[in-house]
>>> print(open('upload_24.tsv').read())   # TSV, C-alpha atoms and all ligand atoms
chain	number	residue	atom	x	y	z
A	1	ALA	CA	0.00	0.00	0.00
A	2	ASN	CA	1.08	3.61	-0.40
A	3	ILE	CA	2.02	5.44	2.82
A	4	HIS	CA	-0.88	6.49	5.04
A	5	ILE	CA	-0.35	9.24	7.59
A	6	GLY	CA	-2.33	8.30	10.67
A	7	THR	CA	-3.18	9.72	14.04
A	8	ILE	CA	-5.68	9.51	16.87
A	9	GLY	CA	-8.82	11.59	16.28
A	10	SER	CA	-8.36	14.28	18.91
A	11	HIS	CA	-6.00	17.15	19.93
A	12	SER	CA	-4.43	18.25	16.60
A	13	ALA	CA	-5.69	15.53	14.27
A	14	LEU	CA	-7.44	17.98	11.91
A	15	ASN	CA	-4.14	19.83	11.60
A	16	ILE	CA	-2.09	16.64	11.03
A	17	LEU	CA	-4.50	14.95	8.60
A	18	LYS	CA	-5.18	18.09	6.56
A	19	GLY	CA	-1.44	18.71	6.38
A	20	ALA	CA	-0.87	15.18	5.12
A	21	LYS	CA	-3.51	15.60	2.44
A	22	ASP	CA	-2.02	18.94	1.36
A	23	GLU	CA	1.25	17.10	0.77
A	24	GLY	CA	-0.46	14.36	-1.23
A	25	PHE	CA	-0.58	11.56	1.36
A	26	SER	CA	-3.47	9.23	2.10
A	27	THR	CA	-4.72	9.49	5.66
A	28	VAL	CA	-6.16	7.29	8.37
A	29	CYS	CA	-7.94	8.50	11.49
A	30	ILE	CA	-8.04	6.26	14.55
A	31	CYS	CA	-11.03	7.37	16.59
A	32	ARG	CA	-14.04	6.44	18.66
A	33	GLU	CA	-17.45	6.17	17.04
A	34	ARG	CA	-18.59	9.35	18.80
A	35	GLU	CA	-15.84	11.58	17.36
A	36	LYS	CA	-15.95	10.12	13.85
A	37	LYS	CA	-18.49	12.69	12.66
A	38	VAL	CA	-16.05	15.54	13.28
A	39	TYR	CA	-13.34	14.08	11.06
A	40	GLU	CA	-15.88	12.92	8.50
A	41	SER	CA	-17.42	16.36	8.36
A	42	PHE	CA	-14.08	18.00	7.51
A	43	GLY	CA	-13.18	15.33	4.97
A	44	VAL	CA	-9.62	14.91	6.22
A	45	ALA	CA	-9.59	11.13	6.61
A	46	ASP	CA	-9.46	8.64	3.74
A	47	LYS	CA	-9.89	5.75	6.16
A	48	PHE	CA	-11.17	5.28	9.68
A	49	VAL	CA	-10.10	2.72	12.24
A	50	ILE	CA	-12.72	2.72	14.96
A	51	VAL	CA	-11.68	1.91	18.52
A	52	SER	CA	-13.69	1.87	21.74
A	53	ASP	CA	-10.85	3.54	23.62
A	54	TYR	CA	-7.69	5.31	22.41
A	55	SER	CA	-5.55	2.83	24.32
A	56	ASP	CA	-6.83	0.17	21.88
A	57	LEU	CA	-4.06	1.44	19.64
A	58	LEU	CA	-1.88	-0.94	21.64
A	59	ASP	CA	-4.13	-3.83	20.54
A	60	GLU	CA	-2.32	-6.22	18.20
A	61	ASN	CA	-5.22	-6.46	15.70
A	62	ILE	CA	-5.58	-2.70	15.44
A	63	GLN	CA	-1.85	-2.36	14.88
A	64	GLU	CA	-1.99	-5.05	12.20
A	65	GLU	CA	-4.74	-3.16	10.40
A	66	LEU	CA	-2.62	-0.01	10.44
A	67	ARG	CA	0.51	-1.87	9.36
A	68	HIS	CA	-1.47	-3.17	6.42
A	69	LEU	CA	-2.14	0.45	5.39
A	70	ASN	CA	1.58	1.22	5.64
A	71	THR	CA	0.81	3.78	8.33
A	72	ILE	CA	3.24	6.31	9.75
A	73	LEU	CA	1.79	7.51	13.06
A	74	ILE	CA	2.07	11.14	14.06
A	75	PRO	CA	1.98	11.42	17.87
A	76	HIS	CA	0.25	14.31	19.64
A	77	GLY	CA	-0.80	15.15	23.20
A	78	SER	CA	-3.36	12.36	23.44
A	79	PHE	CA	-0.65	9.75	22.79
A	80	ASN	CA	1.06	10.64	26.06
A	81	ALA	CA	-2.17	11.18	27.94
A	82	TYR	CA	-4.02	8.02	26.88
A	83	ILE	CA	-1.42	5.51	25.77
A	84	GLY	CA	1.86	6.26	27.50
A	85	LYS	CA	3.56	2.92	26.88
A	86	PHE	CA	5.29	3.48	23.57
A	87	ASP	CA	7.20	0.20	23.91
A	88	SER	CA	4.22	-1.85	22.83
A	89	LEU	CA	3.48	0.44	19.91
A	90	LEU	CA	5.09	-1.54	17.10
A	91	LEU	CA	4.31	0.88	14.31
A	92	PRO	CA	6.53	3.45	12.61
A	93	MET	CA	6.07	6.73	14.47
A	94	PHE	CA	7.32	10.17	13.49
A	95	GLY	CA	9.73	11.75	15.98
A	96	ASN	CA	11.99	10.64	18.80
A	97	ARG	CA	10.05	8.42	21.21
A	98	GLU	CA	12.67	8.67	23.90
A	99	LEU	CA	12.32	12.45	24.11
A	100	MET	CA	8.55	12.07	24.41
A	101	ILE	CA	9.23	9.98	27.49
A	102	TRP	CA	11.68	12.59	28.86
A	103	GLU	CA	9.02	15.23	28.49
A	104	THR	CA	6.50	13.39	30.68
A	105	ASP	CA	8.88	13.22	33.64
A	106	ARG	CA	9.19	16.51	35.60
A	107	ASP	CA	12.71	15.85	36.89
A	108	ARG	CA	14.11	14.79	33.54
A	109	GLN	CA	12.41	17.74	31.91
A	110	ARG	CA	14.06	20.12	34.37
A	111	GLU	CA	17.45	18.48	33.78
A	112	TRP	CA	17.04	18.86	30.00
A	113	LEU	CA	15.99	22.50	30.28
A	114	GLU	CA	18.63	23.43	32.84
A	115	ARG	CA	21.39	21.94	30.70
A	116	SER	CA	20.03	23.93	27.75
A	117	GLY	CA	20.81	27.12	29.61
A	118	VAL	CA	17.26	28.50	29.61
A	119	ARG	CA	15.92	30.56	32.51
A	120	MET	CA	13.41	28.58	34.55
A	121	PRO	CA	11.11	29.36	37.48
A	122	LYS	CA	12.94	28.56	40.71
A	123	LYS	CA	12.08	25.19	42.21
A	124	TYR	CA	11.50	24.99	45.98
A	125	SER	CA	12.58	21.62	47.31
A	126	ARG	CA	10.62	22.11	50.57
A	127	PRO	CA	7.46	24.09	51.35
A	128	GLU	CA	9.42	25.95	54.07
A	129	GLU	CA	11.47	27.66	51.34
A	130	ILE	CA	8.45	29.37	49.79
A	131	GLU	CA	8.83	33.14	49.62
A	132	GLY	CA	6.67	35.30	47.40
A	133	LEU	CA	4.12	33.78	45.05
A	134	ALA	CA	4.53	30.08	44.35
A	135	ILE	CA	2.56	27.60	42.24
A	136	VAL	CA	2.01	24.09	43.60
A	137	LYS	CA	1.61	21.20	41.18
A	138	TYR	CA	0.51	17.87	42.57
A	139	PRO	CA	1.46	14.74	40.65
A	140	GLY	CA	-1.54	13.42	38.82
A	141	ALA	CA	-3.06	16.88	38.55
A	142	LYS	CA	-3.54	16.89	34.80
A	143	GLY	CA	-3.90	19.92	32.55
A	144	GLY	CA	-3.30	22.21	35.48
A	145	LYS	CA	-6.39	21.11	37.41
A	146	GLY	CA	-5.61	20.95	41.11
A	147	TYR	CA	-2.74	23.43	40.85
A	148	PHE	CA	-2.88	26.27	43.32
A	149	ILE	CA	-1.05	29.44	44.15
A	150	VAL	CA	0.26	30.25	47.62
A	151	SER	CA	2.48	32.90	49.16
A	152	SER	CA	3.81	31.23	52.32
A	153	PRO	CA	4.61	27.79	53.81
A	154	GLU	CA	1.60	28.20	56.15
A	155	GLU	CA	-0.72	28.73	53.22
A	156	PHE	CA	0.79	25.73	51.45
A	157	TYR	CA	-0.04	23.41	54.39
A	158	GLU	CA	-3.45	24.98	54.92
A	159	ILE	CA	-4.57	24.33	51.34
A	160	SER	CA	-2.86	20.93	51.10
A	161	ASP	CA	-4.56	19.73	54.30
A	162	GLU	CA	-7.89	20.90	52.94
A	163	MET	CA	-7.25	18.93	49.73
A	164	VAL	CA	-6.40	15.80	51.72
A	165	LYS	CA	-9.65	16.19	53.68
A	166	LYS	CA	-11.60	16.51	50.45
A	167	GLY	CA	-9.87	13.36	49.12
A	168	LEU	CA	-8.35	15.26	46.18
A	169	ILE	CA	-4.83	14.19	47.11
A	170	GLY	CA	-3.31	11.67	49.51
A	171	GLU	CA	-1.20	12.47	52.59
A	172	GLU	CA	1.92	11.18	50.78
A	173	ASP	CA	1.33	13.52	47.82
A	174	ILE	CA	2.18	16.52	49.99
A	175	LYS	CA	5.82	15.39	50.11
A	176	ASN	CA	5.92	14.98	46.33
A	177	ALA	CA	4.43	18.34	45.44
A	178	GLU	CA	6.31	20.27	42.79
A	179	ILE	CA	6.58	23.82	44.10
A	180	GLN	CA	7.77	26.54	41.76
A	181	GLU	CA	8.27	30.25	41.89
A	182	TYR	CA	5.17	31.77	40.27
A	183	ILE	CA	6.10	33.95	37.30
A	184	LEU	CA	3.62	36.74	36.80
A	185	GLY	CA	3.59	37.71	33.15
A	186	ALA	CA	2.51	36.93	29.61
A	187	ASN	CA	2.28	33.24	28.70
A	188	ILE	CA	3.77	32.49	25.31
A	189	TYR	CA	3.96	29.08	23.61
A	190	PHE	CA	6.52	28.78	20.80
A	191	SER	CA	6.02	25.95	18.34
A	192	PHE	CA	9.28	25.08	16.63
A	193	PHE	CA	10.21	22.38	14.13
A	194	TYR	CA	13.61	20.77	13.98
A	195	SER	CA	14.23	19.55	10.45
A	196	PRO	CA	16.78	16.74	10.06
A	197	VAL	CA	16.43	17.17	6.27
A	198	TYR	CA	17.44	20.84	6.32
A	199	GLY	CA	19.42	20.60	9.59
A	200	ARG	CA	17.74	23.69	11.02
A	201	VAL	CA	15.34	25.02	13.63
A	202	GLU	CA	12.20	26.68	12.26
A	203	LEU	CA	9.64	28.80	14.11
A	204	ILE	CA	6.22	27.69	12.86
A	205	ALA	CA	3.65	29.36	15.12
A	206	VAL	CA	3.16	31.17	18.42
A	207	ASP	CA	0.07	31.01	20.62
A	208	ARG	CA	-1.31	31.47	24.08
A	209	ARG	CA	-3.97	29.43	25.81
A	210	TYR	CA	-7.52	30.28	26.81
A	211	GLU	CA	-7.91	28.64	30.19
A	212	SER	CA	-10.86	27.96	32.43
A	213	THR	CA	-11.02	29.41	35.02
A	214	ALA	CA	-7.72	31.33	35.08
A	215	ASP	CA	-8.81	33.60	32.23
A	216	ALA	CA	-12.19	34.25	33.85
A	217	LEU	CA	-10.93	35.66	37.13
A	218	GLY	CA	-10.66	39.20	35.78
A	219	LYS	CA	-14.44	39.21	35.32
A	220	VAL	CA	-15.06	38.80	39.05
A	221	PRO	CA	-14.16	41.60	41.47
A	222	ALA	CA	-11.37	40.69	43.93
A	223	LYS	CA	-13.75	41.12	46.87
A	224	GLU	CA	-16.03	38.39	45.50
A	225	GLN	CA	-13.07	36.15	44.69
A	226	ILE	CA	-12.06	36.26	48.35
A	227	ARG	CA	-15.63	35.79	49.62
A	228	ALA	CA	-16.30	32.81	47.32
A	229	ASN	CA	-12.79	31.37	47.80
A	230	ILE	CA	-12.22	31.19	44.04
A	231	ASN	CA	-8.95	29.62	42.88
A	232	PRO	CA	-7.67	29.56	39.32
A	233	THR	CA	-7.71	26.29	37.40
A	234	TYR	CA	-5.95	25.86	34.06
A	235	THR	CA	-8.19	23.65	31.99
A	236	VAL	CA	-7.35	24.47	28.38
A	237	ILE	CA	-10.43	25.43	26.37
A	238	GLY	CA	-8.74	26.88	23.31
A	239	ASN	CA	-5.81	28.89	21.95
A	240	PHE	CA	-5.16	32.34	20.51
A	241	PRO	CA	-2.49	33.23	17.95
A	242	VAL	CA	0.24	35.59	19.13
A	243	VAL	CA	2.72	37.73	17.28
A	244	LEU	CA	5.67	38.51	19.50
A	245	ARG	CA	7.33	41.85	19.95
A	246	GLU	CA	10.12	41.23	17.46
A	247	SER	CA	13.03	42.07	19.74
A	248	LEU	CA	11.97	39.19	22.02
A	249	LEU	CA	12.29	36.50	19.34
A	250	VAL	CA	16.01	36.17	19.94
A	251	GLN	CA	15.39	34.73	23.43
A	252	ALA	CA	13.12	32.08	21.91
A	253	PHE	CA	15.60	31.11	19.21
A	254	GLU	CA	18.45	30.87	21.73
A	255	ALA	CA	16.27	28.63	23.93
A	256	ALA	CA	15.29	26.45	20.96
A	257	GLU	CA	18.89	25.99	19.84
A	258	GLY	CA	20.02	25.08	23.37
A	259	ILE	CA	17.18	22.60	23.76
A	260	VAL	CA	17.96	20.92	20.43
A	261	GLU	CA	21.68	20.76	21.26
A	262	VAL	CA	21.07	19.04	24.61
A	263	SER	CA	18.43	16.72	23.11
A	264	LYS	CA	21.22	15.12	21.08
A	265	GLU	CA	23.16	14.35	24.26
A	266	ILE	CA	20.24	12.92	26.24
A	267	ALA	CA	18.44	10.90	23.58
A	268	TYR	CA	20.22	10.14	20.33
A	269	PRO	CA	19.65	11.39	17.60
A	270	GLY	CA	17.91	14.22	19.44
A	271	MET	CA	14.94	16.33	18.44
A	272	VAL	CA	13.04	15.33	15.32
A	273	GLY	CA	10.17	17.50	14.12
A	274	ALA	CA	7.72	19.47	16.24
A	275	PHE	CA	8.41	20.76	19.73
A	276	CYS	CA	6.97	23.48	21.89
A	277	ILE	CA	8.65	25.78	24.39
A	278	GLU	CA	6.15	26.94	26.98
A	279	SER	CA	7.18	30.20	28.55
A	280	ILE	CA	6.23	33.27	30.51
A	281	PHE	CA	7.66	36.74	29.87
A	282	ASP	CA	7.87	38.84	33.04
A	283	GLU	CA	7.59	42.61	33.42
A	284	ASN	CA	11.19	43.04	32.24
A	285	ALA	CA	10.40	40.96	29.14
A	286	LEU	CA	12.65	38.15	30.40
A	287	MET	CA	11.68	34.70	29.18
A	288	TYR	CA	11.12	31.90	31.73
A	289	VAL	CA	10.61	28.39	30.34
A	290	PHE	CA	8.34	26.24	32.50
A	291	GLU	CA	7.70	23.29	30.23
A	292	ILE	CA	8.66	21.60	26.98
A	293	SER	CA	6.71	19.29	24.69
A	294	ALA	CA	8.61	17.08	22.25
A	295	ARG	CA	5.79	16.75	19.70
A	296	ILE	CA	3.07	18.80	18.05
A	297	VAL	CA	0.98	20.83	20.52
A	298	ALA	CA	-2.66	21.84	20.01
A	299	GLY	CA	-1.61	25.50	20.01
A	300	THR	CA	-0.32	25.01	16.46
A	301	ASN	CA	-3.94	24.69	15.37
A	302	VAL	CA	-4.07	28.52	15.38
A	303	GLY	CA	-1.51	28.47	12.55
A	304	ILE	CA	-3.73	26.80	9.92
A	305	PRO	CA	-3.30	27.54	7.03
A	306	THR	CA	-0.34	29.69	7.95
A	307	SER	CA	1.14	31.83	10.70
A	308	PRO	CA	3.06	35.04	10.07
A	309	TYR	CA	6.28	33.17	10.91
A	310	SER	CA	5.75	30.10	8.71
A	311	TYR	CA	4.66	32.39	5.89
A	312	ILE	CA	7.81	34.48	6.13
A	313	LEU	CA	9.89	31.29	6.12
A	314	PHE	CA	8.11	29.35	3.38
A	315	GLY	CA	6.27	31.98	1.32
A	316	GLU	CA	3.30	29.65	1.13
A	317	ASN	CA	0.64	28.27	3.43
A	318	MET	CA	2.55	26.25	5.98
A	319	TYR	CA	1.38	24.91	9.33
A	320	MET	CA	2.64	22.26	11.71
A	321	GLY	CA	0.61	19.32	10.35
A	322	ARG	CA	1.69	20.16	6.84
A	323	ARG	CA	5.28	20.81	7.91
A	324	ILE	CA	5.47	17.30	9.36
A	325	ALA	CA	4.10	15.77	6.15
A	326	ARG	CA	6.48	17.90	4.06
A	327	GLU	CA	9.44	16.59	6.06
A	328	ILE	CA	8.30	13.00	5.53
A	329	LYS	CA	7.91	13.64	1.81
A	330	LEU	CA	11.33	15.27	1.47
A	331	ALA	CA	12.95	12.51	3.51
A	332	ALA	CA	11.32	9.81	1.39
A	333	GLU	CA	12.73	11.47	-1.74
A	334	LYS	CA	16.21	11.67	-0.22
A	335	ASP	CA	16.09	8.19	1.28
A	336	MET	CA	16.27	9.66	4.78
A	337	LEU	CA	13.03	8.30	6.24
A	338	GLY	CA	15.04	6.25	8.74
A	339	GLU	CA	16.16	9.48	10.41
A	340	LEU	CA	12.61	10.66	11.13
A	341	ILE	CA	10.86	7.53	12.19
A	342	TYR	CA	11.43	5.51	15.32
A	401	LIG	P1	0.10	20.54	29.99
A	401	LIG	O1	0.93	19.30	30.14
A	401	LIG	O2	-1.18	20.38	29.31
A	401	LIG	O3	0.91	21.71	29.46
A	401	LIG	P2	0.33	20.72	32.82
A	401	LIG	O4	-0.61	19.96	33.66
A	401	LIG	O5	1.70	20.19	32.67
A	401	LIG	O6	-0.33	20.99	31.45
A	401	LIG	P3	1.46	23.30	33.08
A	401	LIG	O7	1.50	23.54	31.62
A	401	LIG	O8	2.70	23.00	33.80
A	401	LIG	O9	0.39	22.18	33.38
A	401	LIG	O10	0.78	24.53	33.78
A	401	LIG	C1	-0.59	24.84	33.64
A	401	LIG	C2	-0.76	26.34	33.83
A	401	LIG	O11	-0.08	26.79	34.98
A	401	LIG	C3	-0.26	27.16	32.67
A	401	LIG	O12	-1.25	28.07	32.28
A	401	LIG	C4	0.90	27.94	33.18
A	401	LIG	O13	0.88	29.24	32.75
A	401	LIG	C5	0.70	27.92	34.67
A	401	LIG	N1	2.03	27.80	35.26
A	401	LIG	C6	2.75	26.67	35.35
A	401	LIG	N2	3.93	26.90	35.96
A	401	LIG	C7	3.96	28.23	36.25
A	401	LIG	C8	4.90	29.10	36.88
A	401	LIG	N3	6.06	28.65	37.36
A	401	LIG	N4	4.57	30.41	37.02
A	401	LIG	C9	3.39	30.87	36.56
A	401	LIG	N5	2.46	30.10	35.97
A	401	LIG	C10	2.74	28.80	35.81
>>> encode(input="upload_24.tsv", output="structure tokens", more="lines below")
Ligand code: ATP
Amino acid sequence: ANIHIGTIGSHSALNILKGAKDEGFSTVCICREREKKVYESFGVADKFVIVSDYSDLLDENIQEELRHLNTILIPHGSFNAYIGKFDSLLLPMFGNRELMIWETDRDRQREWLERSGVRMPKKYSRPEEIEGLAIVKYPGAKGGKGYFIVSSPEEFYEISDEMVKKGLIGEEDIKNAEIQEYILGANIYFSFFYSPVYGRVELIAVDRRYESTADALGKVPAKEQIRANINPTYTVIGNFPVVLRESLLVQAFEAAEGIVEVSKEIAYPGMVGAFCIESIFDENALMYVFEISARIVAGTNVGIPTSPYSYILFGENMYMGRRIAREIKLAAEKDMLGELIY
């Protein structure tokens, strides 16, 4: 069979499948019956593989069906969230699997970023060290739900104890809390692409998130926030495109280059394809990196069919899903597919 580009029907699948079609590939969407109508309605999938749960992708029969279609899988956020165990995924997948594992582990992520030389929010190893605003992230709190902001050790224990009482966390979680300096500023997500074919880092799109309830707090007067004990949560509802003040781009490029350099040392052959640097710019316009994703992020969906940056670089409609497919096409022509697929 000719190559099919395939992905799970969620997250950035419209982006990935449309991009594959724009580059002339056949596509396959792996999804649940309920979501099928979305992908059908946009006409981005040539084939569907219906599963009852995304983790069925690990099922041997499903994998056989996809192998039969000569599928190259493009991983996105739902792969980490719903599947996790890449070891039993015996299908060609775009990108460096090992880095996707590094990204899911907070300590390894910090090691990677620190070695890259980027500025990061300070990490407090004990609640007693908290001074000024701090954000507390409990393990298992997904998508920023269950994070909270405190300004003293006392407040940390007060809120944590309350959470234990409510059964939201266990007693032992308190010891494993990740406590970081809270950076007050503008959140900026940079979506880069590292191209093994061209040997270069490309900026494809920039976005920020629209979060519930963090982005709603400004609508409620502070007095009512205190009275109703309202705390921000960070459930992502959508994304906005951003164009950065141009003089700040250099910080992002320096970060990207450092991150790619170190990726080669920690997980050979290093970064392949899409990655996202998640940052906050403070009042002095200094960039703090608080997270990295080693795959396409949903924020790149704001860059379809093009972002100002990808347009300047390519002079045509270019977006992350299409950029991935373009790289696969170029690599196939140059007999380099082995360098993109693991
Ligand atoms: P995802 O994996 O989907 O990105 P997550 O659960 O890992 O989510 P984070 O991205 O770490 O969560 O953080 C969620 C929210 O918390 C983001 O909006 C981010 O701006 C905010 N946040 C995280 N760390 C800090 C920090 N040190 N200072 C200020 N805000 C922060």
>>> residues_near_ligand(input="upload_24.tsv", ligand="ligand LIG 401 (chain A)", cutoff="8 Å", atoms="all atoms listed in the file", output="NGL selection string")
:A and (120-122 or 134-135 or 137 or 141-145 or 147 or 180-185 or 187 or 209 or 211 or 214 or 233-236 or 278-280 or 290-291 or 293)
>>> closest_residue(input="upload_24.tsv", among="A:Ile296, A:Val206, A:Val136, A:Ala13", to="Asn176 in chain A", atoms="only C-alpha atoms")
A:Val136
>>> atom_distance(input="upload_24.tsv", atom1="CA of Ile72 in chain A", atom2="CA of Ile5 in chain A")
5.1 Å
>>> residues_near_point(input="upload_24.tsv", point="(-13.0, 11.5, 14.7)", cutoff="12 Å", atoms="all atoms listed in the file", output="ChimeraX atom specification")
/A:6-14,17,28-52,54
>>> write_last_selection(input="upload_24.tsv", atoms="C-alpha atoms", output="PDB file, keeping the file's coordinate frame")
ATOM      1  CA  GLY A   6      -2.330   8.300  10.670  1.00  0.00           C
ATOM      2  CA  THR A   7      -3.180   9.720  14.040  1.00  0.00           C
ATOM      3  CA  ILE A   8      -5.680   9.510  16.870  1.00  0.00           C
ATOM      4  CA  GLY A   9      -8.820  11.590  16.280  1.00  0.00           C
ATOM      5  CA  SER A  10      -8.360  14.280  18.910  1.00  0.00           C
ATOM      6  CA  HIS A  11      -6.000  17.150  19.930  1.00  0.00           C
ATOM      7  CA  SER A  12      -4.430  18.250  16.600  1.00  0.00           C
ATOM      8  CA  ALA A  13      -5.690  15.530  14.270  1.00  0.00           C
ATOM      9  CA  LEU A  14      -7.440  17.980  11.910  1.00  0.00           C
ATOM     10  CA  LEU A  17      -4.500  14.950   8.600  1.00  0.00           C
ATOM     11  CA  VAL A  28      -6.160   7.290   8.370  1.00  0.00           C
ATOM     12  CA  CYS A  29      -7.940   8.500  11.490  1.00  0.00           C
ATOM     13  CA  ILE A  30      -8.040   6.260  14.550  1.00  0.00           C
ATOM     14  CA  CYS A  31     -11.030   7.370  16.590  1.00  0.00           C
ATOM     15  CA  ARG A  32     -14.040   6.440  18.660  1.00  0.00           C
ATOM     16  CA  GLU A  33     -17.450   6.170  17.040  1.00  0.00           C
ATOM     17  CA  ARG A  34     -18.590   9.350  18.800  1.00  0.00           C
ATOM     18  CA  GLU A  35     -15.840  11.580  17.360  1.00  0.00           C
ATOM     19  CA  LYS A  36     -15.950  10.120  13.850  1.00  0.00           C
ATOM     20  CA  LYS A  37     -18.490  12.690  12.660  1.00  0.00           C
ATOM     21  CA  VAL A  38     -16.050  15.540  13.280  1.00  0.00           C
ATOM     22  CA  TYR A  39     -13.340  14.080  11.060  1.00  0.00           C
ATOM     23  CA  GLU A  40     -15.880  12.920   8.500  1.00  0.00           C
ATOM     24  CA  SER A  41     -17.420  16.360   8.360  1.00  0.00           C
ATOM     25  CA  PHE A  42     -14.080  18.000   7.510  1.00  0.00           C
ATOM     26  CA  GLY A  43     -13.180  15.330   4.970  1.00  0.00           C
ATOM     27  CA  VAL A  44      -9.620  14.910   6.220  1.00  0.00           C
ATOM     28  CA  ALA A  45      -9.590  11.130   6.610  1.00  0.00           C
ATOM     29  CA  ASP A  46      -9.460   8.640   3.740  1.00  0.00           C
ATOM     30  CA  LYS A  47      -9.890   5.750   6.160  1.00  0.00           C
ATOM     31  CA  PHE A  48     -11.170   5.280   9.680  1.00  0.00           C
ATOM     32  CA  VAL A  49     -10.100   2.720  12.240  1.00  0.00           C
ATOM     33  CA  ILE A  50     -12.720   2.720  14.960  1.00  0.00           C
ATOM     34  CA  VAL A  51     -11.680   1.910  18.520  1.00  0.00           C
ATOM     35  CA  SER A  52     -13.690   1.870  21.740  1.00  0.00           C
ATOM     36  CA  TYR A  54      -7.690   5.310  22.410  1.00  0.00           C
TER      37      TYR A  54
END
>>> residues_around(input="upload_24.tsv", residues="range 335-340 of chain A", least_positions_apart="3", cutoff="8 Å", atoms="all atoms listed in the file", output="list of chain:residue names")
A:Phe94, A:Gly95, A:Asn96, A:Pro196, A:Val197, A:Val272, A:Gly273, A:Ile328, A:Ala331, A:Ala332
>>> closest_atom_pairs(input="upload_24.tsv", of="range 168-244 of chain A", to="range 313-323 of chain A", cutoff="10 Å", atoms="all atoms listed in the file", output="CSV")
residue,atom,partner,partner_atom,distance
A:Ser191,CA,A:Met320,CA,8.3
A:Phe192,CA,A:Met320,CA,8.7
A:Phe193,CA,A:Met320,CA,7.9
A:Ser195,CA,A:Arg323,CA,9.4
A:Glu202,CA,A:Leu313,CA,8.0
A:Leu203,CA,A:Leu313,CA,8.4
A:Ile204,CA,A:Tyr319,CA,6.6
A:Ala205,CA,A:Tyr319,CA,7.6
>>> atom_distance(input="upload_24.tsv", atom1="CA of Lys85 in chain A", atom2="CA of Leu73 in chain A")
14.7 Å
>>> atom_distance(input="upload_24.tsv", atom1="CA of Phe275 in chain A", atom2="CA of Arg295 in chain A")
4.8 Å
>>> decode(input="upload_24.tsv", residues="range 5-17 of chain A", atoms="N, CA and C atoms", output="PDB file, in the first residue's frame")
ATOM      1  N   ILE A   5      -0.683   8.502   6.381  1.00  0.00           N
ATOM      2  CA  ILE A   5      -0.354   9.245   7.591  1.00  0.00           C
ATOM      3  C   ILE A   5      -1.532   9.046   8.536  1.00  0.00           C
ATOM      4  N   GLY A   6      -1.240   8.598   9.743  1.00  0.00           N
ATOM      5  CA  GLY A   6      -2.326   8.299  10.665  1.00  0.00           C
ATOM      6  C   GLY A   6      -2.138   8.938  12.020  1.00  0.00           C
ATOM      7  N   THR A   7      -3.253   9.230  12.663  1.00  0.00           N
ATOM      8  CA  THR A   7      -3.176   9.718  14.035  1.00  0.00           C
ATOM      9  C   THR A   7      -4.491   9.452  14.752  1.00  0.00           C
ATOM     10  N   ILE A   8      -4.479   9.673  16.058  1.00  0.00           N
ATOM     11  CA  ILE A   8      -5.680   9.515  16.872  1.00  0.00           C
ATOM     12  C   ILE A   8      -6.579  10.738  16.685  1.00  0.00           C
ATOM     13  N   GLY A   9      -7.862  10.505  16.514  1.00  0.00           N
ATOM     14  CA  GLY A   9      -8.819  11.586  16.276  1.00  0.00           C
ATOM     15  C   GLY A   9      -9.105  12.421  17.508  1.00  0.00           C
ATOM     16  N   SER A  10      -8.228  13.370  17.765  1.00  0.00           N
ATOM     17  CA  SER A  10      -8.363  14.278  18.907  1.00  0.00           C
ATOM     18  C   SER A  10      -7.184  15.258  18.835  1.00  0.00           C
ATOM     19  N   HIS A  11      -7.164  16.275  19.724  1.00  0.00           N
ATOM     20  CA  HIS A  11      -6.000  17.148  19.934  1.00  0.00           C
ATOM     21  C   HIS A  11      -5.597  18.034  18.745  1.00  0.00           C
ATOM     22  N   SER A  12      -4.846  17.473  17.775  1.00  0.00           N
ATOM     23  CA  SER A  12      -4.433  18.252  16.604  1.00  0.00           C
ATOM     24  C   SER A  12      -4.561  17.386  15.355  1.00  0.00           C
ATOM     25  N   ALA A  13      -5.530  16.472  15.386  1.00  0.00           N
ATOM     26  CA  ALA A  13      -5.691  15.530  14.273  1.00  0.00           C
ATOM     27  C   ALA A  13      -6.163  16.234  13.000  1.00  0.00           C
ATOM     28  N   LEU A  14      -7.007  17.262  13.115  1.00  0.00           N
ATOM     29  CA  LEU A  14      -7.442  17.983  11.912  1.00  0.00           C
ATOM     30  C   LEU A  14      -6.231  18.597  11.229  1.00  0.00           C
ATOM     31  N   ASN A  15      -5.378  19.196  12.030  1.00  0.00           N
ATOM     32  CA  ASN A  15      -4.139  19.832  11.598  1.00  0.00           C
ATOM     33  C   ASN A  15      -3.228  18.810  10.884  1.00  0.00           C
ATOM     34  N   ILE A  16      -2.998  17.672  11.546  1.00  0.00           N
ATOM     35  CA  ILE A  16      -2.092  16.637  11.027  1.00  0.00           C
ATOM     36  C   ILE A  16      -2.637  16.004   9.743  1.00  0.00           C
ATOM     37  N   LEU A  17      -3.933  15.659   9.759  1.00  0.00           N
ATOM     38  CA  LEU A  17      -4.504  14.952   8.599  1.00  0.00           C
ATOM     39  C   LEU A  17      -4.658  15.882   7.404  1.00  0.00           C
TER      40      LEU A  17
END
